[in-house]
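A.B. asks: Sharing query.cif (mmCIF, C-alpha atoms) below.
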```cif
data_final
#
loop_
_atom_site.label_atom_id
_atom_site.label_comp_id
_atom_site.auth_asym_id
_atom_site.auth_seq_id
_atom_site.Cartn_x
_atom_site.Cartn_y
_atom_site.Cartn_z
CA MET Q 12 -1.57 -28.94 38.35
CA ARG Q 13 -4.11 -31.11 36.58
CA LEU Q 14 -1.83 -31.42 33.58
CA LEU Q 15 1.04 -32.72 35.66
CA MET Q 16 -1.08 -35.63 36.88
CA GLU Q 17 -2.44 -36.59 33.49
CA THR Q 18 -0.96 -39.47 31.55
CA ASP Q 19 -0.08 -39.01 27.90
CA SER Q 20 -3.17 -40.94 26.88
CA MET Q 21 -5.39 -38.68 29.01
CA LEU Q 22 -3.80 -35.64 27.42
CA ALA Q 23 -4.20 -37.17 23.97
CA SER Q 24 -7.86 -37.77 24.68
CA ARG Q 25 -8.37 -34.13 25.63
CA ILE Q 26 -6.51 -32.99 22.53
CA THR Q 27 -8.73 -35.08 20.27
CA GLU Q 28 -11.79 -33.64 22.03
CA VAL Q 29 -10.53 -30.16 21.17
CA LEU Q 30 -9.90 -31.25 17.61
CA GLU Q 31 -13.43 -32.62 17.37
CA LYS Q 32 -14.78 -29.24 18.42
CA ALA Q 33 -12.57 -27.45 15.93
CA LEU Q 34 -13.62 -29.69 13.07
CA SER Q 35 -17.32 -29.90 13.89
CA LYS Q 36 -19.70 -27.68 12.02
CA PRO Q 37 -23.34 -26.98 12.80
CA GLY Q 38 -25.32 -30.09 11.97
CA THR Q 39 -22.20 -32.12 11.20
CA PRO Q 40 -20.42 -33.11 14.41
CA VAL Q 41 -17.09 -34.88 14.04
CA THR Q 42 -16.21 -37.88 16.18
CA ILE Q 43 -12.60 -39.00 16.42
CA THR Q 44 -11.88 -42.48 17.76
CA PRO Q 45 -8.51 -43.81 18.89
CA GLU Q 46 -8.71 -46.21 15.94
CA SER Q 47 -9.07 -43.40 13.43
CA VAL Q 48 -6.34 -41.17 14.82
CA GLY Q 49 -3.18 -42.63 16.29
CA PRO Q 50 -0.52 -40.64 18.15
CA ASN Q 51 1.49 -40.14 14.96
CA THR Q 52 -1.32 -39.64 12.46
CA ASP Q 53 -0.69 -36.52 10.38
CA LEU Q 54 -3.75 -34.47 11.37
CA TRP Q 55 -3.28 -31.87 8.64
CA THR Q 56 -3.34 -34.49 5.94
CA LYS Q 57 -6.03 -36.69 7.43
CA PHE Q 58 -8.46 -33.83 7.99
CA GLU Q 59 -7.20 -31.63 5.12
CA LEU Q 60 -6.55 -28.79 7.54
CA ASP Q 61 -5.88 -25.36 6.13
CA SER Q 62 -3.65 -22.89 7.97
CA LEU Q 63 -6.74 -21.10 9.33
CA ASP Q 64 -8.11 -24.42 10.61
CA VAL Q 65 -4.82 -24.87 12.45
CA VAL Q 66 -5.08 -21.37 13.93
CA ASP Q 67 -8.63 -22.18 15.05
CA PHE Q 68 -7.45 -25.48 16.57
CA SER Q 69 -4.52 -23.79 18.33
CA MET Q 70 -6.71 -21.13 19.92
CA ARG Q 71 -9.01 -23.82 21.27
CA LEU Q 72 -5.95 -25.65 22.62
CA GLU Q 73 -4.85 -22.46 24.34
CA GLU Q 74 -8.20 -22.27 26.09
CA ALA Q 75 -8.30 -25.93 26.99
CA PHE Q 76 -4.79 -26.10 28.42
CA ALA Q 77 -4.31 -22.51 29.57
CA ILE Q 78 -1.20 -22.06 27.52
CA LYS Q 79 -0.05 -19.46 25.04
CA ILE Q 80 0.90 -20.73 21.59
CA PRO Q 81 2.94 -18.36 19.43
CA GLU Q 82 2.06 -18.39 15.76
CA GLU Q 83 5.55 -19.50 14.80
CA ASP Q 84 4.95 -22.79 16.63
CA LEU Q 85 1.87 -23.78 14.66
CA ASP Q 86 3.59 -25.98 12.14
CA LEU Q 87 4.66 -28.26 15.02
CA PHE Q 88 1.04 -29.26 15.51
CA ARG Q 89 0.84 -32.05 13.04
CA THR Q 90 0.29 -35.05 15.32
CA VAL Q 91 -1.37 -35.74 18.66
CA HIS Q 92 1.96 -36.98 19.98
CA ALA Q 93 3.68 -33.71 19.00
CA ILE Q 94 0.93 -31.69 20.67
CA VAL Q 95 1.15 -33.76 23.86
CA GLU Q 96 4.89 -33.08 23.96
CA TYR Q 97 4.33 -29.41 23.24
CA VAL Q 98 1.70 -29.00 25.96
CA ARG Q 99 3.91 -30.79 28.47
CA GLY Q 100 6.83 -28.55 27.54
CA LYS Q 101 4.73 -25.45 27.91
CA THR Q 102 3.37 -26.34 31.30
CA ALA Q 103 6.87 -27.23 32.49
CA SER Q 104 8.07 -23.76 31.43
CA TYR Q 105 5.39 -22.16 33.61
CA ARG Q 106 6.50 -23.91 36.77
CA MET V 22 8.69 -14.95 26.59
CA TYR V 23 6.35 -17.21 28.57
CA GLU V 24 6.58 -15.44 31.88
CA GLU V 25 2.81 -15.00 32.17
CA LYS V 26 0.98 -17.32 34.50
CA PRO V 27 -1.36 -19.92 32.99
CA ARG V 28 -4.49 -18.50 34.61
CA LEU V 29 -3.91 -15.05 33.20
CA ILE V 30 -3.10 -16.47 29.81
CA ALA V 31 -6.27 -18.52 29.87
CA GLU V 32 -8.32 -15.41 30.53
CA LYS V 33 -6.63 -13.65 27.68
CA ALA V 34 -7.01 -16.52 25.28
CA SER V 35 -10.59 -17.40 26.09
CA HIS V 36 -12.18 -14.91 23.69
CA PHE V 37 -12.40 -17.11 20.62
CA SER V 38 -14.91 -19.56 22.10
CA ARG V 39 -16.81 -16.73 23.72
CA PHE V 40 -17.14 -14.95 20.39
CA LEU V 41 -18.39 -18.14 18.79
CA ASN V 42 -21.05 -18.46 21.47
CA GLU V 43 -22.80 -15.51 19.85
CA PRO V 44 -25.09 -17.04 17.22
CA GLU V 45 -24.64 -14.19 14.76
CA LEU V 46 -20.84 -14.39 14.85
CA ASN V 47 -20.79 -18.18 14.87
CA GLN V 48 -23.11 -18.36 11.88
CA ARG V 49 -20.89 -16.04 9.87
CA TYR V 50 -17.73 -17.84 10.96
CA GLN V 51 -19.12 -21.22 9.93
CA ARG V 52 -20.12 -19.79 6.55
CA LEU V 53 -16.61 -18.47 5.97
CA ARG V 54 -14.91 -21.67 7.14
CA ARG V 55 -16.15 -23.52 4.09
CA PHE V 56 -13.59 -21.53 2.11
CA PHE V 57 -10.58 -21.99 4.38
CA SER V 58 -9.29 -24.63 2.00
CA LEU V 59 -8.52 -22.20 -0.84
CA ARG V 60 -4.87 -22.48 -1.88
CA GLU V 61 -3.85 -19.87 -4.36
CA SER V 62 -0.98 -18.79 -6.52
CA ALA V 63 -0.47 -16.08 -9.16
CA TYR V 64 0.45 -16.45 -12.80
CA ASP V 65 1.50 -14.02 -15.49
CA ILE V 66 0.19 -15.67 -18.64
CA SER V 67 0.65 -12.84 -21.15
CA SER V 68 3.44 -10.40 -21.94
CA MET V 69 1.23 -8.16 -24.08
CA CYS V 70 -1.05 -5.28 -23.19
CA GLN V 71 -2.80 -2.53 -25.14
CA LEU V 72 -2.10 0.00 -22.38
CA ARG V 73 0.74 1.33 -20.27
CA CYS V 74 -0.71 2.32 -16.90
CA ASP V 75 0.97 4.44 -14.25
CA GLY V 76 2.52 2.18 -11.63
CA CYS V 77 1.86 -1.00 -13.64
CA TYR V 78 3.28 -3.95 -11.72
CA TYR V 79 4.14 -5.71 -14.95
CA PHE V 80 5.91 -3.08 -17.01
CA GLN V 81 7.45 -0.97 -14.25
CA GLY V 82 9.19 -3.88 -12.59
CA ASP V 83 11.38 -6.38 -14.37
CA LYS V 84 8.72 -9.03 -15.01
CA TYR V 85 8.32 -7.88 -18.59
CA LYS V 86 11.84 -9.09 -19.33
CA ALA V 87 10.76 -12.73 -18.98
CA LYS V 88 10.30 -14.59 -22.25
CA PRO V 89 6.72 -15.86 -22.65
CA VAL V 90 6.02 -19.55 -23.14
CA ARG V 91 3.86 -20.11 -26.21
CA ASP V 92 3.81 -23.92 -26.26
CA MET V 93 0.33 -24.96 -25.12
CA GLU V 94 1.46 -28.42 -24.15
CA ARG V 95 3.93 -26.88 -21.70
CA TRP V 96 1.13 -24.77 -20.24
CA ARG V 97 -1.07 -27.85 -19.86
CA ILE V 98 1.67 -29.75 -18.03
CA PHE V 99 2.43 -26.66 -15.94
CA PHE V 100 -1.14 -26.14 -14.73
CA GLU V 101 -1.57 -29.84 -14.00
CA ALA V 102 1.57 -29.71 -11.88
CA GLU V 103 0.18 -26.69 -10.05
CA ARG V 104 -3.08 -28.52 -9.39
CA ASP V 105 -1.14 -31.56 -8.21
CA ARG V 106 0.81 -29.53 -5.66
CA GLY V 107 -2.53 -28.48 -4.15
CA ILE V 108 -3.28 -25.15 -5.82
CA ASN V 109 -7.04 -24.81 -6.23
CA TYR V 110 -7.31 -21.07 -6.92
CA VAL V 111 -5.44 -19.19 -9.66
CA ASN V 112 -4.86 -15.47 -10.07
CA LEU V 113 -4.24 -14.83 -13.74
CA ALA V 114 -2.60 -11.60 -14.70
CA GLY V 115 -0.17 -10.33 -17.27
CA ALA V 116 0.33 -7.91 -18.80
CA GLU V 117 -3.20 -8.56 -20.23
CA PRO V 118 -4.52 -12.12 -19.83
CA ALA V 119 -7.55 -11.60 -22.08
CA LEU V 120 -5.11 -11.51 -25.02
CA VAL V 121 -4.22 -15.20 -24.53
CA PRO V 122 -7.64 -16.92 -24.55
CA ASP V 123 -6.19 -20.39 -25.23
CA ILE V 124 -4.11 -20.31 -22.05
CA LEU V 125 -7.13 -19.08 -20.10
CA LYS V 126 -9.21 -22.00 -21.35
CA LEU V 127 -6.48 -24.50 -20.63
CA CYS V 128 -6.03 -23.23 -17.10
CA ASN V 129 -9.78 -23.11 -16.47
CA ALA V 130 -10.14 -26.72 -17.55
CA THR V 131 -7.46 -27.77 -15.05
CA ILE V 132 -8.12 -25.47 -12.08
CA PRO V 133 -11.70 -24.18 -12.30
CA LEU V 134 -11.57 -21.56 -9.55
CA GLY V 135 -9.77 -18.24 -9.84
CA THR V 136 -9.71 -14.64 -10.96
CA VAL V 137 -8.60 -12.94 -14.16
CA PHE V 138 -7.22 -9.41 -13.80
CA THR V 139 -8.05 -7.53 -16.99
CA ASN V 140 -8.37 -4.04 -18.40
CA GLY V 141 -11.68 -5.16 -19.91
CA LEU V 142 -10.93 -3.96 -23.43
CA ARG V 143 -11.20 -7.49 -24.85
CA PRO V 144 -14.13 -9.71 -23.83
CA ILE V 145 -13.27 -13.01 -22.18
CA ASP V 146 -15.05 -16.08 -23.54
CA PRO V 147 -18.31 -16.74 -21.65
CA SER V 148 -17.25 -20.35 -21.08
CA ILE V 149 -14.51 -19.21 -18.70
CA THR V 150 -15.84 -19.66 -15.17
CA TYR V 151 -13.37 -17.40 -13.37
CA ARG V 152 -14.20 -14.22 -11.53
CA ILE V 153 -13.14 -11.27 -13.67
CA HIS V 154 -11.68 -8.16 -12.06
CA ILE V 155 -11.83 -5.18 -14.41
CA SER V 156 -9.55 -2.32 -13.52
CA ILE V 157 -10.71 1.27 -13.65
CA TRP V 158 -8.47 4.20 -12.85
CA GLY V 159 -10.76 7.18 -12.91
CA GLY V 160 -13.54 8.91 -14.77
CA ALA V 161 -13.53 10.27 -18.29
CA GLN V 162 -10.79 12.70 -17.34
CA GLY V 163 -8.49 10.53 -15.26
CA ASP V 164 -8.67 7.07 -16.84
CA PRO V 165 -7.06 8.14 -20.17
CA GLN V 166 -4.51 10.20 -18.26
CA TYR V 167 -3.25 7.32 -16.10
CA ARG V 168 -3.56 4.63 -18.77
CA LYS V 169 -1.67 5.56 -21.87
CA ARG V 170 -1.35 4.05 -25.30
CA LEU V 171 1.88 2.33 -26.25
CA ASN V 172 3.04 5.55 -27.94
CA GLY V 173 2.65 7.46 -24.69
CA LYS V 174 -0.46 9.38 -25.71
CA PRO V 175 -3.53 9.36 -23.48
CA GLY V 176 -5.53 6.15 -23.79
CA GLU V 177 -9.23 5.71 -24.36
CA TYR V 178 -11.71 6.07 -21.54
CA CYS V 179 -11.99 2.36 -20.80
CA LEU V 180 -15.27 2.27 -18.87
CA PRO V 181 -17.72 2.57 -21.81
CA ILE V 182 -15.85 -0.20 -23.65
CA GLN V 183 -15.71 -2.35 -20.53
CA LEU V 184 -19.44 -1.95 -19.93
CA GLN V 185 -20.21 -2.84 -23.53
CA ASN V 186 -17.95 -5.90 -23.51
CA TYR V 187 -19.37 -7.28 -20.29
CA ARG V 188 -23.02 -6.23 -20.36
CA GLY V 189 -25.04 -8.47 -18.04
CA ASP V 190 -21.97 -10.58 -17.23
CA LYS V 191 -22.18 -11.76 -13.63
CA ARG V 192 -18.55 -12.87 -13.56
CA ILE V 193 -17.22 -9.34 -13.39
CA ILE V 194 -16.51 -6.84 -10.66
CA PHE V 195 -14.93 -3.45 -11.28
CA VAL V 196 -11.89 -2.52 -9.23
CA TYR V 197 -11.48 1.23 -8.81
CA THR V 198 -7.97 2.26 -7.85
CA PHE V 199 -7.73 5.44 -5.81
CA ASN V 200 -4.44 7.15 -6.54
CA GLY V 201 -4.88 10.36 -4.56
CA ALA V 202 -5.77 12.45 -7.60
CA ASN V 203 -8.88 10.66 -8.85
CA THR V 204 -10.86 10.45 -5.62
CA ASP V 205 -13.83 12.53 -6.76
CA GLN V 206 -14.02 10.81 -10.14
CA ILE V 207 -15.45 7.70 -8.49
CA ASP V 208 -18.92 9.31 -8.53
CA GLU V 209 -19.34 9.24 -12.31
CA VAL V 210 -17.91 5.72 -12.44
CA LEU V 211 -20.34 4.50 -9.80
CA ASP V 212 -23.28 6.05 -11.64
CA ALA V 213 -22.32 4.23 -14.84
CA VAL V 214 -21.54 0.90 -13.15
CA THR V 215 -24.74 1.01 -11.08
CA SER V 216 -26.89 1.77 -14.11
CA GLU V 217 -25.64 -1.49 -15.67
CA GLY V 218 -26.24 -3.48 -12.48
CA HIS V 219 -22.58 -4.33 -11.92
CA LYS V 220 -20.55 -4.43 -8.71
CA LEU V 221 -17.47 -2.40 -7.80
CA THR V 222 -14.82 -2.69 -5.14
CA PHE V 223 -11.92 -0.47 -4.16
CA ASN V 224 -8.18 -0.62 -4.48
CA ILE V 225 -5.65 1.93 -3.26
CA PHE V 226 -2.57 2.77 -5.29
CA SER V 227 0.48 1.20 -3.68
CA ALA V 228 3.78 2.60 -4.82
CA PRO V 229 6.11 0.33 -6.80
CA LYS V 230 9.62 -0.13 -5.41
CA GLY V 231 11.76 2.94 -5.96
CA SER V 232 8.75 5.18 -6.59
CA ALA V 233 8.24 8.39 -4.63
CA THR V 234 4.49 8.41 -5.21
CA ARG V 235 3.25 7.42 -1.78
CA LEU V 236 -0.14 8.73 -0.71
CA ARG V 237 -0.11 11.37 1.98
CA THR V 238 -2.24 11.26 5.11
CA LYS V 239 -4.52 13.98 3.80
CA GLN V 240 -5.13 12.02 0.61
CA LEU V 241 -5.88 8.88 2.60
CA ASP V 242 -8.37 10.84 4.70
CA GLN V 243 -10.11 12.02 1.53
CA ILE V 244 -10.19 8.51 0.15
CA ARG V 245 -11.62 7.17 3.39
CA ARG V 246 -14.42 9.74 3.37
CA LYS V 247 -15.16 9.04 -0.27
CA MET V 248 -15.29 5.29 0.29
CA LEU V 249 -17.72 5.66 3.18
CA ASP V 250 -19.86 8.06 1.16
CA ALA V 251 -19.91 5.66 -1.81
CA MET V 252 -20.83 2.72 0.42
CA ALA V 253 -23.75 4.69 1.86
CA ARG V 254 -24.97 5.96 -1.52
CA TYR V 255 -24.46 2.79 -3.56
CA PRO V 256 -24.93 -0.08 -1.09
CA ARG V 257 -25.92 -2.57 -3.79
CA THR V 258 -23.02 -1.69 -6.07
CA VAL V 259 -20.08 -1.27 -3.71
CA VAL V 260 -18.59 -4.48 -2.34
CA TYR V 261 -16.61 -3.24 0.64
CA SER V 262 -16.96 -3.23 4.42
CA HIS V 263 -16.33 -0.60 7.05
CA TYR V 264 -13.48 -2.69 8.33
CA ASN V 265 -11.94 -2.79 4.84
CA VAL V 266 -12.00 1.00 4.88
CA LYS V 267 -10.33 1.10 8.27
CA VAL V 268 -7.41 -1.20 7.46
CA HIS V 269 -6.75 -0.01 3.92
CA THR V 270 -6.73 3.72 4.73
CA ALA V 271 -4.81 3.44 8.01
CA PRO V 272 -1.77 5.73 8.27
CA ASP V 273 0.62 2.79 7.97
CA SER V 274 0.69 0.12 5.30
CA LEU V 275 -0.86 -3.33 5.61
CA TYR V 276 2.63 -4.76 5.89
CA SER V 277 3.57 -2.35 8.67
CA ASP V 278 0.41 -2.97 10.66
CA TRP V 279 -0.09 -6.68 10.14
CA GLY V 280 3.07 -8.20 8.72
CA CYS V 281 2.76 -10.29 5.59
CA PRO V 282 2.33 -14.03 5.02
CA TYR V 283 3.68 -14.03 1.46
CA PRO V 284 6.99 -15.84 0.87
CA ARG V 285 8.50 -12.56 -0.32
CA ALA V 286 8.21 -11.15 3.20
CA ALA V 287 9.44 -14.29 4.92
CA THR V 288 12.78 -14.26 6.69
CA GLU V 289 15.17 -17.14 7.25
CA THR V 290 13.58 -17.81 10.62
CA THR V 291 9.98 -17.66 9.37
CA ARG V 292 8.23 -20.98 9.68
CA LYS V 293 6.84 -22.25 6.40
CA PHE V 294 3.15 -22.31 7.20
CA GLY V 295 -0.02 -21.72 5.20
CA LEU V 296 0.35 -19.24 2.35
CA THR V 297 4.04 -18.84 3.12
CA SER V 298 4.67 -22.42 2.12
CA THR V 299 2.47 -22.67 -0.97
CA PHE V 300 2.09 -19.30 -2.70
CA ARG V 301 4.10 -18.66 -5.83
CA SER V 302 4.04 -15.77 -8.26
CA TYR V 303 4.99 -17.12 -11.65
CA ARG V 304 6.32 -15.00 -14.44
CA VAL V 305 5.31 -15.54 -17.99
CA ASP V 306 8.29 -17.87 -18.49
CA MET V 307 6.92 -20.16 -15.70
CA THR V 308 9.70 -19.26 -13.27
CA HIS V 309 9.17 -17.88 -9.79
CA HIS V 310 11.51 -16.53 -7.14
CA ALA V 311 10.96 -16.53 -3.39
CA GLU V 312 11.97 -12.87 -3.16
CA SER V 313 9.10 -11.91 -5.45
CA ASP V 314 6.49 -14.52 -4.47
CA CYS V 315 3.71 -12.08 -3.63
CA CYS V 316 0.50 -10.93 -5.34
CA VAL V 317 2.11 -7.56 -6.15
CA PRO V 318 5.82 -8.42 -6.39
CA ASP V 319 7.11 -4.97 -7.32
CA THR V 320 5.24 -3.04 -4.67
CA ASP V 321 7.08 -1.26 -1.91
CA CYS V 322 5.87 -3.28 1.13
CA ARG V 323 6.05 -0.16 3.29
CA ASP V 324 3.36 1.39 1.10
CA CYS V 325 1.27 -1.72 0.42
CA ARG V 326 -2.47 -1.06 0.58
CA HIS V 327 -3.32 -3.23 -2.39
CA TYR V 328 -6.67 -4.99 -2.30
CA ALA V 329 -5.23 -8.34 -3.35
CA ALA V 330 -2.50 -8.14 -0.72
CA GLY V 331 -5.06 -7.29 1.94
CA SER V 332 -7.11 -10.29 0.91
CA ALA V 333 -4.23 -12.51 2.01
CA ILE V 334 -2.82 -10.42 4.85
CA ILE V 335 -5.99 -9.67 6.80
CA THR V 336 -7.70 -12.99 6.19
CA SER V 337 -4.66 -14.86 7.50
CA ARG V 338 -4.60 -12.79 10.70
CA LEU V 339 -7.42 -14.56 12.53
CA ARG V 340 -5.42 -14.87 15.73
CA GLN V 341 -4.65 -11.15 15.92
CA HIS V 342 -8.33 -10.41 15.38
CA CYS V 343 -9.39 -12.46 18.37
CA GLU V 344 -8.11 -9.94 20.91
CA THR V 345 -11.41 -8.08 21.03
CA GLU V 346 -14.91 -8.76 19.80
CA GLU V 347 -14.82 -5.70 17.57
CA LEU V 348 -11.67 -6.91 15.86
CA PHE V 349 -13.21 -10.33 15.38
CA ARG V 350 -16.30 -8.74 13.86
CA GLY V 351 -14.03 -6.76 11.57
CA TRP V 352 -12.22 -9.92 10.51
CA LEU V 353 -15.52 -11.66 9.74
CA ASP V 354 -16.59 -8.71 7.58
CA TYR V 355 -13.27 -8.57 5.81
CA VAL V 356 -13.26 -12.27 4.92
CA ASP V 357 -16.93 -12.09 3.91
CA THR V 358 -16.07 -9.18 1.58
CA TYR V 359 -13.00 -10.98 0.29
CA LEU V 360 -15.12 -13.96 -0.73
CA ALA V 361 -17.70 -11.72 -2.42
CA ILE V 362 -14.92 -10.16 -4.48
CA TRP V 363 -13.08 -13.37 -5.35
CA ILE V 364 -15.60 -16.23 -5.42
CA PRO V 365 -18.20 -16.32 -8.20
CA GLY V 366 -21.73 -16.19 -6.83
CA TYR V 367 -20.78 -15.49 -3.20
CA GLU V 368 -23.01 -12.82 -1.65
CA ARG V 369 -21.72 -10.95 1.37
CA GLY V 370 -23.84 -10.41 4.47
CA ARG V 371 -24.39 -7.22 6.38
CA ASP V 372 -21.54 -5.58 8.27
CA LEU V 373 -21.00 -6.97 11.77
CA TYR V 374 -18.18 -4.57 12.66
CA ARG V 375 -19.34 -1.52 14.61
CA PRO V 376 -16.97 1.37 13.95
CA ALA V 377 -16.45 3.67 16.92
#
```
Can you turn what I pasted into structure tokens?

C.D. replies:
Amino acid sequence: MRLLMETDSMLASRITEVLEKALSKPGTPVTITPESVGPNTDLWTKFELDSLDVVDFSMRLEEAFAIKIPEEDLDLFRTVHAIVEYVRGKTASYR
Amino acid sequence: MYEEKPRLIAEKASHFSRFLNEPELNQRYQRLRRFFSLRESAYDISSMCQLRCDGCYYFQGDKYKAKPVRDMERWRIFFEAERDRGINYVNLAGAEPALVPDILKLCNATIPLGTVFTNGLRPIDPSITYRIHISIWGGAQGDPQYRKRLNGKPGEYCLPIQLQNYRGDKRIIFVYTFNGANTDQIDEVLDAVTSEGHKLTFNIFSAPKGSATRLRTKQLDQIRRKMLDAMARYPRTVVYSHYNVKVHTAPDSLYSDWGCPYPRAATETTRKFGLTSTFRSYRVDMTHHAESDCCVPDTDCRDCRHYAAGSAIITSRLRQHCETEELFRGWLDYVDTYLAIWIPGYERGRDLYRPA
């Protein structure tokens, strides 16, 4: 229900929070600002994400948004905008 | 496909963060993450070898038909192009890569991280920084039997020559291939390797395509027992984990149990992601083909237990290993072992997996 009431920018903010957690390492927290990552920034390129980083990120997204992400969808997760669309689509399919 | 309710899914999917809340697991995971950025490919750089080994992936397939490139300038341009497409880890094989030292040096100067797969009969220049995997196929009785000379007669027992060539060399690790008939010969090999202070890891013979030499369940059981015994008796020599034993001696192949991320196993509907999109297996003529882009291109996937294949298959299956804590522990051990085998200077930690 919460997801349905969130604007795209609220969702994007939560997604970047998840990404921060995924990228942070002990002693080296990562902070992502709206200026540094726009809706269409290629996250894989910007943060040099490996496929395992993307799996890590996707599992954290699953937890944050209570969705199930099949492995074959992972290469869709390149931008915040694409993830917002994906999460919206997923929650719509649960209704 | 998505008929489950969000709440139930959330409960199912919540393990990953919970696992990482355990300091011991989180610490290991963070250590391994530093190596997530490895992007590898495989290269045949030599068409020559002093031996003809049973089940050789080079001479028993059709790779040996490729015409080798001898122009060093072409090799330089080739490796630079590989580096430029993001490859930062090379697997150099052959036939026998130690017989082409100039290509080894050229590659090392361009892409400094990788592994050379060698029979160990020719020393590799100390300036080469790669990990060196030296193959061993049995003791004094078995090794000459499975590795013949070019005229078909039994070869030399390679181990004494290998030990002499690489005395005190920290780049090397021995790779003992269990083939179902040499299981008990590992003892004499381990004694010799341990006395020289070297490390050893295990491989399991995986039948080439068209071969009827698959290991039977009874043989796999014997191999499993022998591996566990060796790990207990030679803990400082053997680089292997209990989870490695479990997945490599399972009744079904790695491919059957876990699928495979290599392009060779990809279907038309497979998404190009991770290893599937970047891995290539080049022949000695610098060509590669999607249908053979795999670390062991001529292996029958349904019998694949190869250590190099497992290094890609199991490590890439993080998601599947987050279903239970024990599986996640097993994955951490497997990746930790993988790095100890493939990355120079990496020391593996203690096993976290707790076998039932």

A.B. asks: Please indicate the distance in Å from CA of Glu217 (chain V) to CA of Val111 (chain V), rounded to one decimal place.

C.D. replies: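 Spanning CA of Glu217 (chain V) to CA of Val111 (chain V) is a straight-line distance of 27.5 Å.
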
A.B. asks: Select from chain Q every residue with an atom at most 12 Å from any atom of chain V, then for each give the shortest pair of atoms and their distance in Å to one decimal, using all atoms listed in the file, rows by chain and rising number, as a tab-separated table.

C.D. replies:
```
residue	atom	partner	partner_atom	distance
Q:Met12	CA	V:Pro27	CA	10.5
Q:Leu14	CA	V:Pro27	CA	11.5
Q:Val29	CA	V:Ser38	CA	11.5
Q:Lys32	CA	V:Ser38	CA	10.4
Q:Ala33	CA	V:Ser38	CA	10.3
Q:Leu34	CA	V:Arg54	CA	10.1
Q:Ser35	CA	V:Gln51	CA	9.7
Q:Lys36	CA	V:Gln51	CA	6.8
Q:Pro37	CA	V:Gln51	CA	7.7
Q:Gly38	CA	V:Gln51	CA	11.0
Q:Thr39	CA	V:Gln51	CA	11.4
Q:Trp55	CA	V:Gly295	CA	11.2
Q:Thr56	CA	V:Gly107	CA	11.8
Q:Phe58	CA	V:Ser58	CA	11.0
Q:Glu59	CA	V:Ser58	CA	7.9
Q:Leu60	CA	V:Ser58	CA	7.5
Q:Asp61	CA	V:Ser58	CA	5.4
Q:Ser62	CA	V:Gly295	CA	4.7
Q:Leu63	CA	V:Phe57	CA	6.3
Q:Asp64	CA	V:Phe57	CA	7.1
Q:Val65	CA	V:Gly295	CA	9.2
Q:Val66	CA	V:Arg340	CA	6.8
Q:Asp67	CA	V:Arg340	CA	8.0
Q:Phe68	CA	V:Phe37	CA	10.5
Q:Ser69	CA	V:Arg340	CA	9.3
Q:Met70	CA	V:Phe37	CA	7.0
Q:Arg71	CA	V:Ser38	CA	7.3
Q:Leu72	CA	V:Ala34	CA	9.6
Q:Glu73	CA	V:Ala34	CA	6.4
Q:Glu74	CA	V:Ser35	CA	5.4
Q:Ala75	CA	V:Ala31	CA	8.2
Q:Phe76	CA	V:Ala31	CA	7.9
Q:Ala77	CA	V:Ala31	CA	4.5
Q:Ile78	CA	V:Pro27	CA	5.9
Q:Lys79	CA	V:Ile30	CA	6.4
Q:Ile80	CA	V:Tyr23	CA	9.5
Q:Pro81	CA	V:Arg340	CA	9.8
Q:Glu82	CA	V:Arg340	CA	8.3
Q:Glu83	CA	V:Arg292	CA	6.0
Q:Asp84	CA	V:Arg292	CA	7.9
Q:Leu85	CA	V:Phe294	CA	7.7
Q:Asp86	CA	V:Phe294	CA	6.2
Q:Leu87	CA	V:Arg292	CA	9.7
Q:Phe88	CA	V:Phe294	CA	11.0
Q:Arg89	CA	V:Phe294	CA	11.6
Q:Val98	CA	V:Pro27	CA	11.9
Q:Gly100	CA	V:Tyr23	CA	11.4
Q:Lys101	CA	V:Tyr23	CA	8.4
Q:Thr102	CA	V:Pro27	CA	8.2
Q:Ala103	CA	V:Tyr23	CA	10.8
Q:Ser104	CA	V:Tyr23	CA	7.4
Q:Tyr105	CA	V:Lys26	CA	6.6
Q:Arg106	CA	V:Lys26	CA	8.9
```

A.B. asks: Please write the residues picked by the PyMOL selection byres ((chain V and resi 358) around 10) on this file as an MDAnalysis selection string.

C.D. replies: chainID V and resid 222 260:262 264:265 332 352:357 359:364 367:372

A.B. asks: Mind pulling up the distance from CA of Cys77 (chain V) to CA of Pro144 (chain V)?

C.D. replies: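 Distance reported for this atom pair: 20.9 Å.
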
A.B. asks: Suppose a student applies the PyMOL selection byres ((chain V and resi 113) around 10) to this structure; what residues should they get, written as a compact mmCIF listing (two decimals) with C-alpha atoms, in the frame of the given file?

C.D. replies:
```txt
# COMPACT_ATOMS: atom_id res chain seq x y z
CA SER V 62 -0.98 -18.79 -6.52
CA ALA V 63 -0.47 -16.08 -9.16
CA TYR V 64 0.45 -16.45 -12.80
CA ASP V 65 1.50 -14.02 -15.49
CA ILE V 66 0.19 -15.67 -18.64
CA SER V 67 0.65 -12.84 -21.15
CA TYR V 110 -7.31 -21.07 -6.92
CA VAL V 111 -5.44 -19.19 -9.66
CA ASN V 112 -4.86 -15.47 -10.07
CA ALA V 114 -2.60 -11.60 -14.70
CA GLY V 115 -0.17 -10.33 -17.27
CA ALA V 116 0.33 -7.91 -18.80
CA GLU V 117 -3.20 -8.56 -20.23
CA PRO V 118 -4.52 -12.12 -19.83
CA ALA V 119 -7.55 -11.60 -22.08
CA ILE V 124 -4.11 -20.31 -22.05
CA LEU V 125 -7.13 -19.08 -20.10
CA CYS V 128 -6.03 -23.23 -17.10
CA GLY V 135 -9.77 -18.24 -9.84
CA THR V 136 -9.71 -14.64 -10.96
CA VAL V 137 -8.60 -12.94 -14.16
CA PHE V 138 -7.22 -9.41 -13.80
CA THR V 139 -8.05 -7.53 -16.99
CA TYR V 151 -13.37 -17.40 -13.37
CA ILE V 153 -13.14 -11.27 -13.67
CA SER V 302 4.04 -15.77 -8.26
CA TYR V 303 4.99 -17.12 -11.65
```
